[in-house]
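Visitor: Below are the structure tokens for one structure; questions will follow.
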Amino acid sequence: AWDRPNGLHIERVRTPLGVIGVIYESRPNVTADAGALCLKAGNPVILRGGSDSLNSSSAIHACMVEGLKAAGLPEDAIQLVPTTDRAAVGEMLKGLSGNLDVIIPRGGKSLVGRVQTEARVPVFAHLEGICHLYIDRSADLDMAVKIAVNAKMRRTGVCGAAETLLVDRAVASTHLVPILEALRAAGCEIHADTEVMKAFAEASPATDADWLTEYLDAIIAVKLVDGVGEAIEHIETFSSHHTEAIIAEDAKAVERFFNEIDSAILLHNASTQFADGGEFGMGAEIGIATGKMHARGPVGVEQLTSFKYRVRGSGQVRP
């Protein structure tokens with residue numbers, strides 16, 4: 001809140017977004033996660049889960065309805081679509097005759113792609129997490145090894161897992177092989193460009209498709225680049241604008257990396273696996289949004305709200 005010289009007192013206050021539709025696939029825990037987050041932000045929610053988890057989602061939803069009753073809240077604040085008919089998704093994407101304000105998809109590339117293509121209401125979504133880790137010429141070798149292994153191998157199936165490793169050609173002779181050996185020892189398959197293949201014979205040759213692939217598996221694509229400039233160029237060409245990290249001690253290289261890359265999350269000397277609302281201290285999240293409007297990055301309670309201005313006067317008129 002703030003006061004203007006003319007005596008007006010202005011407040012910016014958070015407001016719910018409205019009715020949120022959440023479309024997800026096999027994980028029934030999303031029923032509880034999304035229902036609770038939307039409710040905490042003051043939004044009614046309509047949940048549409050996948051066919052594989054309908055019974056589990058229905059049981060979880062029934063428990064949540066009992067909780068709403070016990071708390072004296074409207075039972076319809078959290079609703080579950082009771083059918084697996086794909087036509088239900090189509091109706092949600094149309095906005096349910098103006099009754100949906102936002103749609104959040106949780107699932108694989110095909111589901112998210114369909115929602116982004118067909119939705120007639122705003123969408124909070126990321127299509128995929130093609131995340132990059134860049135090892136600068138100023139990087140500490142021990143740190144680079146530790147972070148590379150964690151960024152790729154801690155959990156390979158999460159959207160914050162590193163999928164491409166870029167190494168500054170200036171430190172290829174000192175940093176490249178130790179990093180790749182540590183990744184291989186951890187069980188990671190290496191897909192490499194021609195230069196990397198010469199230095200690390202255990203790698204497989206990378207194809208053009210590798211730079212555009214979200215593996216979600218123990219596989220990483222590796223390429224040598226001429227410094228931070230070429231790393232930025234590669235990332236801006238192939239990234240899904242989810243999460244990118246730089247390992248460096250050179251402050252100028254870090255600032256250039258941060259200023260010239262347009263991704264939702266950028267990290268310095270830290271693993272890409274920190275791309276998570278809980279790790280940011282934001283609590284639970286529905287997902288990582290990679291769009292540019294409204295929410296970007298972890299979508300938690302605060303991101304499920306908008307705001308309005310309240311202006312209090314004492315008879316002021318504008319001259």
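By order of appearance in the structure tokens: chains A, B, ..., then residues from 1 within every chain, and ligands from 1 in the order shown.
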Show me, as a list in words, the residues that have an atom within 10 Å of Ile286 in chain A when counting only C-alpha atoms, minus same-chain residues fewer than 5 positions from it.

Guide: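 So the residues in contact are Val22, Val30, Asp33, Ala34, Gly35, Leu37, Cys38, Ile104, Pro105, Arg106, Phe124, Ala125, Asp276, Gly277, Pro298, Val299, Gly300, Val301, Gln303 and Leu304 of chain A.
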
Visitor: To test your reading of the structure, identify every residue in range 56-169 of chain A that backbone DSSP assigns to strand (DSSP E), and report it as a PyMOL selection string.

Guide: chain A and resi 78-80+102-106+131-135+162-168

Visitor: Apply DSSP to the structure's backbone, then extract all residues of range 29-134 of chain A labelled helix (DSSP H, G or I) and return them as number ranges by chain.

Guide: A: 29-40, 51-70, 75-77, 86-93, 109-118

Visitor: Would you mind listing what lies within 8 Å of Ala270 in chain A as a PDB file with C-alpha atoms, in the first residue's frame, with only C-alpha atoms counted and same-chain residues fewer than 2 positions away left out?

Guide:
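Result file follows (result_16.pdb):
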```
ATOM      1  CA  ILE A 147      26.815 -30.680 -10.132  1.00  0.00           C
ATOM      2  CA  ALA A 245      22.605 -23.511 -15.284  1.00  0.00           C
ATOM      3  CA  ILE A 246      26.135 -22.129 -15.561  1.00  0.00           C
ATOM      4  CA  ILE A 247      29.113 -23.368 -13.552  1.00  0.00           C
ATOM      5  CA  LEU A 267      21.059 -21.027 -11.876  1.00  0.00           C
ATOM      6  CA  HIS A 268      24.696 -20.266 -11.063  1.00  0.00           C
ATOM      7  CA  THR A 272      19.183 -27.753 -12.400  1.00  0.00           C
ATOM      8  CA  PHE A 274      16.609 -27.168  -7.805  1.00  0.00           C
TER       9      PHE A 274
END
```

Visitor: Which residue out of A:Val89, A:Ala185, A:Ala32, A:Ala148 has the minimum interatomic distance to Val65 in chain A when only C-alpha atoms are used?

Guide: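 Smallest distance to Val65 in chain A is found for A:Ala32.
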
Visitor: CA of Val112 in chain A and CA of His126 in chain A are how many Å apart?

Guide: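 Atom-to-atom, CA of Val112 in chain A and CA of His126 in chain A are spaced 7.3 Å apart.
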